[in-house]
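Visitor: Input file: target_32.txt. Contents: compact mmCIF, C-alpha atoms.
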```txt
# COMPACT_ATOMS: atom_id res chain seq x y z
CA MET A 1 -21.16 -2.33 -12.98
CA SER A 2 -18.32 -0.52 -11.14
CA GLN A 3 -14.83 -1.23 -12.45
CA VAL A 4 -11.30 -0.84 -11.15
CA PRO A 5 -8.12 -0.87 -13.30
CA THR A 6 -5.71 -3.78 -12.89
CA VAL A 7 -2.44 -4.66 -14.59
CA ARG A 8 -4.32 -6.89 -17.04
CA GLY A 9 -7.14 -4.39 -17.62
CA PRO A 10 -10.30 -3.22 -15.84
CA VAL A 11 -12.36 -5.67 -13.78
CA ASP A 12 -15.72 -5.38 -12.09
CA THR A 13 -15.46 -4.64 -8.39
CA ALA A 14 -17.95 -7.47 -7.85
CA VAL A 15 -15.27 -10.00 -8.81
CA LEU A 16 -12.39 -8.61 -6.75
CA GLY A 17 -13.10 -11.32 -4.18
CA ARG A 18 -10.71 -11.81 -1.28
CA THR A 19 -8.35 -8.87 -1.47
CA TYR A 20 -5.04 -8.08 0.20
CA MET A 21 -4.79 -4.30 0.16
CA HIS A 22 -1.01 -3.82 0.58
CA GLU A 23 1.44 -6.24 -1.02
CA HIS A 24 4.59 -5.44 -2.98
CA ILE A 25 5.83 -7.76 -5.71
CA PHE A 26 9.28 -6.17 -5.74
CA SER A 27 10.72 -3.41 -3.53
CA LEU A 28 13.85 -2.07 -5.21
CA THR A 29 16.36 0.77 -5.16
CA THR A 30 16.34 1.63 -8.84
CA ASP A 31 19.73 3.42 -9.04
CA ILE A 32 21.44 0.45 -7.38
CA GLN A 33 19.77 -2.05 -9.69
CA GLN A 34 20.74 -0.06 -12.79
CA ASN A 35 24.36 0.44 -11.78
CA TYR A 36 25.05 -2.83 -9.92
CA PRO A 37 22.96 -5.43 -11.77
CA GLN A 38 24.67 -8.26 -9.92
CA GLU A 39 22.51 -7.31 -6.94
CA TRP A 40 19.41 -8.29 -8.94
CA GLY A 41 20.78 -11.43 -10.51
CA SER A 42 18.79 -13.29 -13.16
CA GLU A 43 15.71 -11.47 -14.43
CA GLU A 44 14.14 -14.75 -15.48
CA ALA A 45 14.76 -16.32 -12.08
CA ARG A 46 13.25 -13.32 -10.26
CA VAL A 47 10.17 -13.32 -12.46
CA ALA A 48 9.72 -17.09 -12.12
CA ASP A 49 10.03 -16.86 -8.35
CA ALA A 50 7.39 -14.12 -8.20
CA VAL A 51 5.05 -16.11 -10.42
CA SER A 52 5.42 -19.15 -8.17
CA LYS A 53 4.71 -17.18 -5.00
CA LEU A 54 1.71 -15.39 -6.45
CA ARG A 55 0.25 -18.62 -7.82
CA ALA A 56 0.51 -20.07 -4.31
CA LEU A 57 -1.31 -17.02 -2.98
CA ALA A 58 -4.08 -17.39 -5.54
CA ALA A 59 -4.36 -21.08 -4.67
CA GLN A 60 -5.32 -20.00 -1.15
CA GLY A 61 -8.33 -18.20 -2.57
CA ILE A 62 -6.93 -14.67 -2.81
CA GLN A 63 -8.23 -13.05 -5.97
CA THR A 64 -6.78 -9.52 -5.80
CA ILE A 65 -3.76 -7.70 -4.43
CA VAL A 66 -2.99 -3.99 -4.37
CA ASP A 67 0.68 -3.32 -5.10
CA PRO A 68 1.50 0.19 -3.78
CA THR A 69 5.00 0.18 -5.31
CA VAL A 70 5.57 3.71 -6.60
CA VAL A 71 8.45 6.10 -7.28
CA GLY A 72 10.89 5.57 -4.42
CA LEU A 73 10.18 1.84 -4.23
CA GLY A 74 11.33 0.74 -7.68
CA ARG A 75 8.10 0.56 -9.69
CA TYR A 76 8.66 -1.04 -13.11
CA ILE A 77 5.37 -1.97 -14.73
CA PRO A 78 6.64 -3.97 -17.77
CA ARG A 79 8.06 -6.56 -15.37
CA ILE A 80 4.80 -6.67 -13.40
CA GLN A 81 2.90 -7.13 -16.67
CA ARG A 82 4.99 -10.21 -17.47
CA ILE A 83 4.17 -11.66 -14.08
CA ALA A 84 0.47 -10.79 -14.24
CA GLU A 85 0.10 -12.55 -17.60
CA GLN A 86 1.37 -15.76 -15.99
CA VAL A 87 -0.98 -15.52 -13.00
CA PRO A 88 -4.28 -14.53 -14.66
CA GLU A 89 -6.25 -15.84 -11.70
CA LEU A 90 -4.92 -12.97 -9.56
CA ASN A 91 -5.89 -9.32 -10.09
CA ILE A 92 -3.00 -6.90 -9.45
CA ILE A 93 -3.87 -3.25 -8.87
CA ALA A 94 -0.96 -0.88 -9.52
CA ALA A 95 -0.38 2.48 -7.86
CA THR A 96 1.01 5.93 -8.52
CA GLY A 97 2.57 8.41 -6.14
CA ILE A 98 5.87 8.97 -4.37
CA TYR A 99 7.27 7.18 -1.35
CA THR A 100 9.34 9.36 0.96
CA TYR A 101 9.58 9.99 4.71
CA ASP A 102 11.51 13.23 4.24
CA SER A 103 12.34 15.12 1.03
CA ALA A 104 10.67 14.79 -2.35
CA PRO A 105 12.96 13.30 -5.03
CA PHE A 106 15.66 15.74 -6.14
CA PHE A 107 14.01 15.89 -9.57
CA PHE A 108 11.41 18.19 -8.00
CA ALA A 109 13.86 20.43 -6.10
CA PHE A 110 13.65 23.26 -8.63
CA ARG A 111 10.22 22.61 -10.10
CA GLY A 112 6.69 23.51 -9.14
CA PRO A 113 6.10 25.00 -5.68
CA ALA A 114 9.87 25.07 -5.04
CA LEU A 115 9.89 28.12 -7.34
CA ASN A 116 7.06 30.00 -5.62
CA GLU A 117 9.27 32.31 -3.58
CA ALA A 118 11.69 33.05 -6.41
CA LEU A 119 8.92 33.82 -8.90
CA GLY A 120 6.54 35.48 -6.45
CA ALA A 121 3.65 33.33 -7.70
CA GLU A 122 2.00 29.97 -7.08
CA VAL A 123 3.55 27.44 -9.46
CA PRO A 124 1.56 24.24 -10.14
CA ASP A 125 3.18 21.04 -8.95
CA PRO A 126 4.20 18.73 -11.82
CA MET A 127 3.62 15.77 -9.51
CA VAL A 128 -0.11 16.25 -9.89
CA ASP A 129 -0.06 15.91 -13.68
CA MET A 130 2.26 12.91 -13.42
CA PHE A 131 -0.07 11.10 -11.04
CA VAL A 132 -3.17 12.01 -13.04
CA GLY A 133 -1.46 10.81 -16.23
CA ASP A 134 -0.68 7.44 -14.65
CA ILE A 135 -4.36 7.12 -13.70
CA THR A 136 -6.03 8.36 -16.88
CA GLY A 137 -3.56 7.48 -19.63
CA GLY A 138 -1.49 4.67 -18.17
CA ILE A 139 2.00 4.27 -16.71
CA ALA A 140 5.06 4.86 -18.91
CA GLY A 141 3.37 3.86 -22.16
CA THR A 142 2.33 0.42 -20.90
CA GLY A 143 -1.39 1.13 -20.95
CA VAL A 144 -1.60 -0.03 -17.32
CA LYS A 145 -3.63 2.50 -15.37
CA ALA A 146 -3.02 3.12 -11.68
CA GLY A 147 -5.90 2.20 -9.40
CA MET A 148 -4.45 3.64 -6.20
CA LEU A 149 -2.54 6.73 -5.07
CA LYS A 150 0.29 6.36 -2.55
CA CYS A 151 2.16 8.68 -0.18
CA ALA A 152 3.86 8.27 3.18
CA ILE A 153 4.47 9.85 6.57
CA ASP A 154 6.64 8.27 9.25
CA ALA A 155 8.05 9.08 12.69
CA ASN A 156 9.79 12.25 11.49
CA GLY A 157 6.38 13.71 10.76
CA MET A 158 5.04 16.18 8.23
CA THR A 159 8.30 17.35 6.69
CA PRO A 160 8.05 19.83 3.78
CA GLY A 161 8.74 17.02 1.30
CA VAL A 162 6.16 14.69 2.82
CA GLU A 163 3.58 17.49 2.85
CA ARG A 164 4.26 18.40 -0.76
CA VAL A 165 3.74 14.83 -1.94
CA MET A 166 0.63 14.43 0.20
CA ARG A 167 -0.96 17.59 -1.18
CA ALA A 168 -0.16 16.52 -4.75
CA VAL A 169 -1.74 13.13 -4.07
CA ALA A 170 -4.83 14.88 -2.71
CA LYS A 171 -5.15 17.04 -5.83
CA ALA A 172 -4.78 14.01 -8.10
CA HIS A 173 -7.44 12.21 -6.07
CA LEU A 174 -9.87 15.12 -6.37
CA GLN A 175 -9.38 15.19 -10.15
CA THR A 176 -9.76 11.44 -10.70
CA GLY A 177 -11.58 9.88 -7.74
CA THR A 178 -8.75 7.38 -7.31
CA PRO A 179 -8.45 6.25 -3.67
CA ILE A 180 -5.38 6.76 -1.52
CA THR A 181 -3.20 4.59 0.66
CA VAL A 182 -0.79 6.24 3.11
CA HIS A 183 2.17 4.63 4.83
CA THR A 184 1.76 5.86 8.41
CA HIS A 185 3.50 5.58 11.76
CA PRO A 186 0.75 4.96 14.32
CA GLY A 187 3.16 5.14 17.23
CA SER A 188 3.45 8.90 16.63
CA GLN A 189 -0.24 9.15 15.70
CA ALA A 190 0.67 10.20 12.17
CA GLY A 191 -2.88 9.48 11.06
CA LEU A 192 -3.96 12.72 12.71
CA GLU A 193 -1.52 14.62 10.49
CA VAL A 194 -2.93 12.80 7.47
CA LYS A 195 -6.36 14.01 8.51
CA ARG A 196 -5.17 17.60 8.91
CA VAL A 197 -3.42 17.90 5.54
CA LEU A 198 -5.16 15.41 3.27
CA CYS A 199 -8.69 15.78 4.59
CA ASP A 200 -9.17 19.03 6.51
CA ASP A 201 -6.99 21.18 4.24
CA GLU A 202 -7.31 19.47 0.86
CA GLY A 203 -10.84 18.10 1.10
CA VAL A 204 -10.29 14.34 0.69
CA ALA A 205 -13.00 12.30 2.39
CA PRO A 206 -11.44 10.02 5.07
CA GLY A 207 -13.37 7.06 3.71
CA ARG A 208 -11.29 7.26 0.52
CA VAL A 209 -8.05 6.72 2.47
CA VAL A 210 -6.38 3.59 3.85
CA LEU A 211 -4.07 4.37 6.77
CA GLY A 212 -1.39 1.76 6.24
CA HIS A 213 0.41 -0.08 9.04
CA SER A 214 -2.29 0.73 11.59
CA GLY A 215 -1.64 -2.63 13.21
CA ASP A 216 1.79 -1.45 14.37
CA THR A 217 0.15 -0.02 17.51
CA THR A 218 -1.88 -1.55 20.33
CA ASP A 219 -3.54 1.80 21.08
CA CYS A 220 -7.07 0.80 20.17
CA ASP A 221 -8.52 4.09 21.45
CA HIS A 222 -6.43 5.96 18.88
CA LEU A 223 -7.38 3.54 16.12
CA ALA A 224 -11.04 3.80 17.07
CA LYS A 225 -10.83 7.59 16.76
CA LEU A 226 -9.42 7.26 13.23
CA ALA A 227 -12.12 4.75 12.32
CA GLU A 228 -14.80 7.10 13.65
CA TYR A 229 -13.41 9.83 11.39
CA GLY A 230 -14.11 7.39 8.53
CA PHE A 231 -10.62 6.16 7.62
CA VAL A 232 -9.96 2.58 6.56
CA LEU A 233 -7.32 1.02 8.81
CA GLY A 234 -4.71 -1.13 7.10
CA PHE A 235 -3.69 -4.15 9.19
CA ASP A 236 -1.05 -4.99 6.64
CA ARG A 237 2.12 -6.25 8.28
CA PHE A 238 1.17 -9.72 9.37
CA GLY A 239 4.36 -11.75 9.36
CA ILE A 240 6.56 -8.70 10.10
CA ASN A 241 7.26 -8.79 13.83
CA THR A 242 9.78 -5.96 14.11
CA GLU A 243 7.52 -3.13 15.33
CA THR A 244 5.44 -5.45 17.52
CA THR A 245 4.77 -9.14 18.13
CA PHE A 246 2.39 -11.36 16.22
CA GLU A 247 0.23 -11.76 19.32
CA ALA A 248 0.03 -8.00 19.89
CA ARG A 249 -0.83 -7.27 16.27
CA ALA A 250 -3.44 -10.00 16.10
CA GLY A 251 -4.75 -9.00 19.52
CA THR A 252 -5.32 -5.45 18.33
CA LEU A 253 -7.28 -6.79 15.36
CA VAL A 254 -9.38 -8.94 17.68
CA GLU A 255 -10.09 -6.01 20.00
CA MET A 256 -11.04 -3.70 17.15
CA CYS A 257 -13.47 -6.32 15.87
CA ARG A 258 -14.88 -6.66 19.39
CA ARG A 259 -15.46 -2.90 19.40
CA GLY A 260 -17.39 -3.17 16.15
CA TYR A 261 -14.82 -1.86 13.64
CA ALA A 262 -14.47 -4.86 11.31
CA SER A 263 -15.92 -2.81 8.45
CA SER A 264 -13.17 -0.19 8.97
CA MET A 265 -10.25 -2.61 8.50
CA VAL A 266 -8.48 -4.36 5.64
CA LEU A 267 -5.80 -7.04 5.82
CA SER A 268 -2.49 -7.90 4.15
CA HIS A 269 1.21 -8.60 4.78
CA ASP A 270 3.25 -5.77 3.20
CA ALA A 271 5.37 -8.61 1.81
CA SER A 272 7.59 -8.72 -1.28
CA CYS A 273 8.95 -11.46 -3.51
CA TYR A 274 12.31 -9.69 -3.43
CA ILE A 275 13.55 -6.70 -1.40
CA ASP A 276 16.96 -5.22 -2.13
CA TRP A 277 17.21 -3.03 0.97
CA ILE A 278 17.53 -5.92 3.43
CA ASP A 279 20.96 -7.53 3.68
CA PRO A 280 20.76 -11.23 2.73
CA LEU A 281 22.74 -12.01 5.90
CA VAL A 282 19.85 -10.65 7.95
CA LEU A 283 17.01 -12.38 6.12
CA PRO A 284 17.43 -15.80 7.79
CA VAL A 285 16.94 -14.30 11.27
CA LEU A 286 13.97 -12.10 10.38
CA PRO A 287 10.46 -13.32 11.21
CA GLN A 288 8.57 -15.21 8.56
CA TRP A 289 7.55 -12.74 5.87
CA HIS A 290 5.49 -14.07 3.02
CA TYR A 291 2.12 -13.84 1.30
CA LEU A 292 0.55 -16.87 3.00
CA HIS A 293 0.83 -15.83 6.63
CA ILE A 294 -2.75 -14.57 6.97
CA GLY A 295 -4.35 -17.72 5.62
CA ASP A 296 -1.99 -20.07 7.44
CA GLU A 297 -1.75 -18.42 10.85
CA VAL A 298 -3.66 -15.16 11.31
CA LEU A 299 -7.18 -16.28 10.49
CA PRO A 300 -7.04 -19.43 12.64
CA TYR A 301 -5.69 -17.34 15.52
CA VAL A 302 -8.28 -14.57 15.37
CA ARG A 303 -11.14 -17.06 14.90
CA LYS A 304 -9.98 -18.80 18.06
CA HIS A 305 -10.15 -15.43 19.84
CA GLY A 306 -13.66 -14.53 18.77
CA VAL A 307 -13.48 -12.97 15.30
CA THR A 308 -16.31 -14.39 13.20
CA ASP A 309 -16.23 -15.63 9.62
CA GLU A 310 -18.61 -12.82 8.75
CA GLU A 311 -16.13 -10.25 10.10
CA ILE A 312 -13.30 -11.90 8.17
CA THR A 313 -15.33 -11.67 4.96
CA THR A 314 -16.04 -8.03 5.74
CA MET A 315 -12.32 -7.23 6.06
CA LEU A 316 -11.15 -9.30 3.08
CA VAL A 317 -14.04 -8.86 0.62
CA ASP A 318 -16.72 -6.34 1.50
CA THR A 319 -14.62 -3.38 2.63
CA PRO A 320 -12.11 -3.57 -0.27
CA ARG A 321 -14.99 -3.84 -2.75
CA ARG A 322 -16.80 -0.88 -1.18
CA PHE A 323 -13.56 1.12 -1.17
CA PHE A 324 -13.04 0.67 -4.92
CA GLU A 325 -16.70 1.08 -5.76
CA ALA A 326 -16.52 4.53 -4.19
CA ARG A 327 -13.65 5.25 -6.59
CA ALA A 328 -15.75 4.25 -9.59
CA ALA A 329 -18.71 6.34 -8.41
CA ALA A 330 -16.66 9.50 -7.78
```
Represent the structure of the file as structure tokens.
Guide:
Amino acid sequence: MSQVPTVRGPVDTAVLGRTYMHEHIFSLTTDIQQNYPQEWGSEEARVADAVSKLRALAAQGIQTIVDPTVVGLGRYIPRIQRIAEQVPELNIIAATGIYTYDSAPFFFAFRGPALNEALGAEVPDPMVDMFVGDITGGIAGTGVKAGMLKCAIDANGMTPGVERVMRAVAKAHLQTGTPITVHTHPGSQAGLEVKRVLCDDEGVAPGRVVLGHSGDTTDCDHLAKLAEYGFVLGFDRFGINTETTFEARAGTLVEMCRRGYASSMVLSHDASCYIDWIDPLVLPVLPQWHYLHIGDEVLPYVRKHGVTDEEITTMLVDTPRRFFEARAAA
């Protein structure tokens, strides 16, 4: 049987079940939390709140979530372990990588390829060994192995820092077979840059890559091109109506299913139990943003507009399972 690592240990891909491919448990600014702990509040209250929300998600029939919280988003696995132990009915797949739209973290400013010109030689990037270590040995001594690699590119494009992280992610993937999820900006067709660097240059197969936030555009011709290349399209911001409206996002999903691309899409919310980079004064006026939006609103809407139960099962069960089975076979 094929297996995938989760926070509580490896599980067979056959039992992943309904899977949300992009959900954060916490999204944090680590330096702020360490130096201004009043922003975080009670650890016990935060953990209890997360447990409650994830139990409600599992009660809807969701069996697995991928949490692509990595360096730059406040990853802290011991806390996630505590939560996972209290929600054993939900598989949580952790990730490794770096989240940046611009520069790599300053830690890497004078390490690895940053020294190439000064030394007149190609210096290996320490990011690669870090990512591979998280996958093969576990994260920070916890024993929890990463089951996904994560990088990002946004509207400012393929900056040197973004490219460096992306190439390191590609090298870690080629060593381990671990699949990749990329935060993208479909409005600037960033997926084409992902193809150029990650796939054409570095040799990653597009089918091993989820292009996150693909539902932020209504350009179905562009999305169809990416699907034809073999990418998996992440429709993962249901409940976040800042880049587009609910109707536009759901309508794009409906149209892509009508065009025959259900097997190229996965679903989720990109939600968090707690996010420290949104001012609490703003939260009450933001659109509903929670883990239950797909089950409560999205699926009834898209069924009404012609998406079949078979296509829904493909997006929530079959494609995620196939995606992780390819990892195990690599």
Visitor: Please work out which residues fall within 10 Å of (0.4, 10.8, 13.5), coordinates as given in the file, with only C-alpha atoms counting, and return them as a short mmCIF file (atom, residue, chain, number, x, y, z; two decimals) with C-alpha atoms, keeping the file's coordinate frame.
Guide:
```cif
data_model
loop_
_atom_site.label_atom_id
_atom_site.label_comp_id
_atom_site.auth_asym_id
_atom_site.auth_seq_id
_atom_site.Cartn_x
_atom_site.Cartn_y
_atom_site.Cartn_z
CA ILE A 153 4.47 9.85 6.57
CA ASP A 154 6.64 8.27 9.25
CA ALA A 155 8.05 9.08 12.69
CA ASN A 156 9.79 12.25 11.49
CA GLY A 157 6.38 13.71 10.76
CA MET A 158 5.04 16.18 8.23
CA THR A 184 1.76 5.86 8.41
CA HIS A 185 3.50 5.58 11.76
CA PRO A 186 0.75 4.96 14.32
CA GLY A 187 3.16 5.14 17.23
CA SER A 188 3.45 8.90 16.63
CA GLN A 189 -0.24 9.15 15.70
CA ALA A 190 0.67 10.20 12.17
CA GLY A 191 -2.88 9.48 11.06
CA LEU A 192 -3.96 12.72 12.71
CA GLU A 193 -1.52 14.62 10.49
CA VAL A 194 -2.93 12.80 7.47
CA LYS A 195 -6.36 14.01 8.51
CA ARG A 196 -5.17 17.60 8.91
CA HIS A 222 -6.43 5.96 18.88
#
```
Visitor: Can you write out as a tab-separated table which residues of segment 178-238 of chain A fall within 10 Å of segment 80-102 of chain A, alongside each residue's closest atom pair and its distance in Å to one decimal, counting only C-alpha atoms and ordering rows by chain and ascending residue number?
Guide:
```
residue	atom	partner	partner_atom	distance
A:Thr178	CA	A:Ala95	CA	9.7
A:Pro179	CA	A:Ala95	CA	9.8
A:Ile180	CA	A:Ala95	CA	9.1
A:Thr181	CA	A:Ala95	CA	9.2
A:Val182	CA	A:Tyr99	CA	9.3
A:His183	CA	A:Tyr99	CA	8.4
A:Thr184	CA	A:Tyr101	CA	9.6
```
Visitor: Kindly save the residues from that selection, with C-alpha atoms included, as a PDB file, in the coordinates of the input.
Guide:
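again15.pdb, freshly written:
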```
ATOM      1  CA  THR A 178      -8.750   7.380  -7.310  1.00  0.00           C
ATOM      2  CA  PRO A 179      -8.450   6.250  -3.670  1.00  0.00           C
ATOM      3  CA  ILE A 180      -5.380   6.760  -1.520  1.00  0.00           C
ATOM      4  CA  THR A 181      -3.200   4.590   0.660  1.00  0.00           C
ATOM      5  CA  VAL A 182      -0.790   6.240   3.110  1.00  0.00           C
ATOM      6  CA  HIS A 183       2.170   4.630   4.830  1.00  0.00           C
ATOM      7  CA  THR A 184       1.760   5.860   8.410  1.00  0.00           C
TER       8      THR A 184
END
```
Visitor: Could you please determine the separation between atom CA of Asp309 of chain A and atom CA of Phe323 of chain A in Å, to one decimal place?
Guide: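 The value is 20.1 Å.
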Visitor: Would you mind reading off the distance between atom CA of Thr159 of chain A and atom CA of Ile139 of chain A, one decimal, in Å?
Guide: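 Computed distance, atom CA of Thr159 of chain A to atom CA of Ile139 of chain A, equals 27.5 Å.
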Visitor: Just the number, please: distance in Å from atom CA of Gly9 of chain A to atom CA of Leu292 of chain A, one decimal.
Guide: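 The value is 25.3 Å.
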Visitor: Between A:Pro68, A:Pro206, A:Gly212, A:Gly230, which is the closest to Gly147 of chain A once you count all atoms listed in the file?
Guide: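 That would be A:Pro68, the residue with the smallest distance to Gly147 of chain A.
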Visitor: Please return the centre and edge lengths, in Å to one decimal, of a box with edges along x, y and z that contains all listed atoms of segment 57-63 of chain A, widened by 3 Å on every side, as lines of an AutoDock Vina configuration file.
Guide:
```
center_x = -4.8
center_y = -17.1
center_z = -3.6
size_x = 13.0
size_y = 14.0
size_z = 10.8
```
Visitor: Which polymer residues have any atom within 7 Å of an atom of Gln3 of chain A, counting all atoms listed in the file, with same-chain residues fewer than 6 positions away left out, as a list in words?
Guide: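 What passes the distance filter is Pro10, Val11, Asp12, Thr13 and Ala328 of chain A.
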Visitor: For the residues selected in the previous step, produce a file with C-alpha atoms as a tab-separated table (two decimals), in the coordinates of the input.
Guide:
```
chain	number	residue	atom	x	y	z
A	10	PRO	CA	-10.30	-3.22	-15.84
A	11	VAL	CA	-12.36	-5.67	-13.78
A	12	ASP	CA	-15.72	-5.38	-12.09
A	13	THR	CA	-15.46	-4.64	-8.39
A	328	ALA	CA	-15.75	4.25	-9.59
```
Visitor: Return the single residue from A:Ala121, A:Leu226, A:Ala146, A:Ala109 that is closest to Arg75 of chain A, with distances computed using all atoms listed in the file.
Guide: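 Checking each of A:Ala121, A:Leu226, A:Ala146, A:Ala109 against Arg75 of chain A, counting all atoms listed in the file, the winner is A:Ala146.
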Visitor: From the list A:Arg8, A:Arg55, A:His305, A:Arg208, which residue is nearest Gly251 of chain A when using all atoms listed in the file?
Guide: A:His305
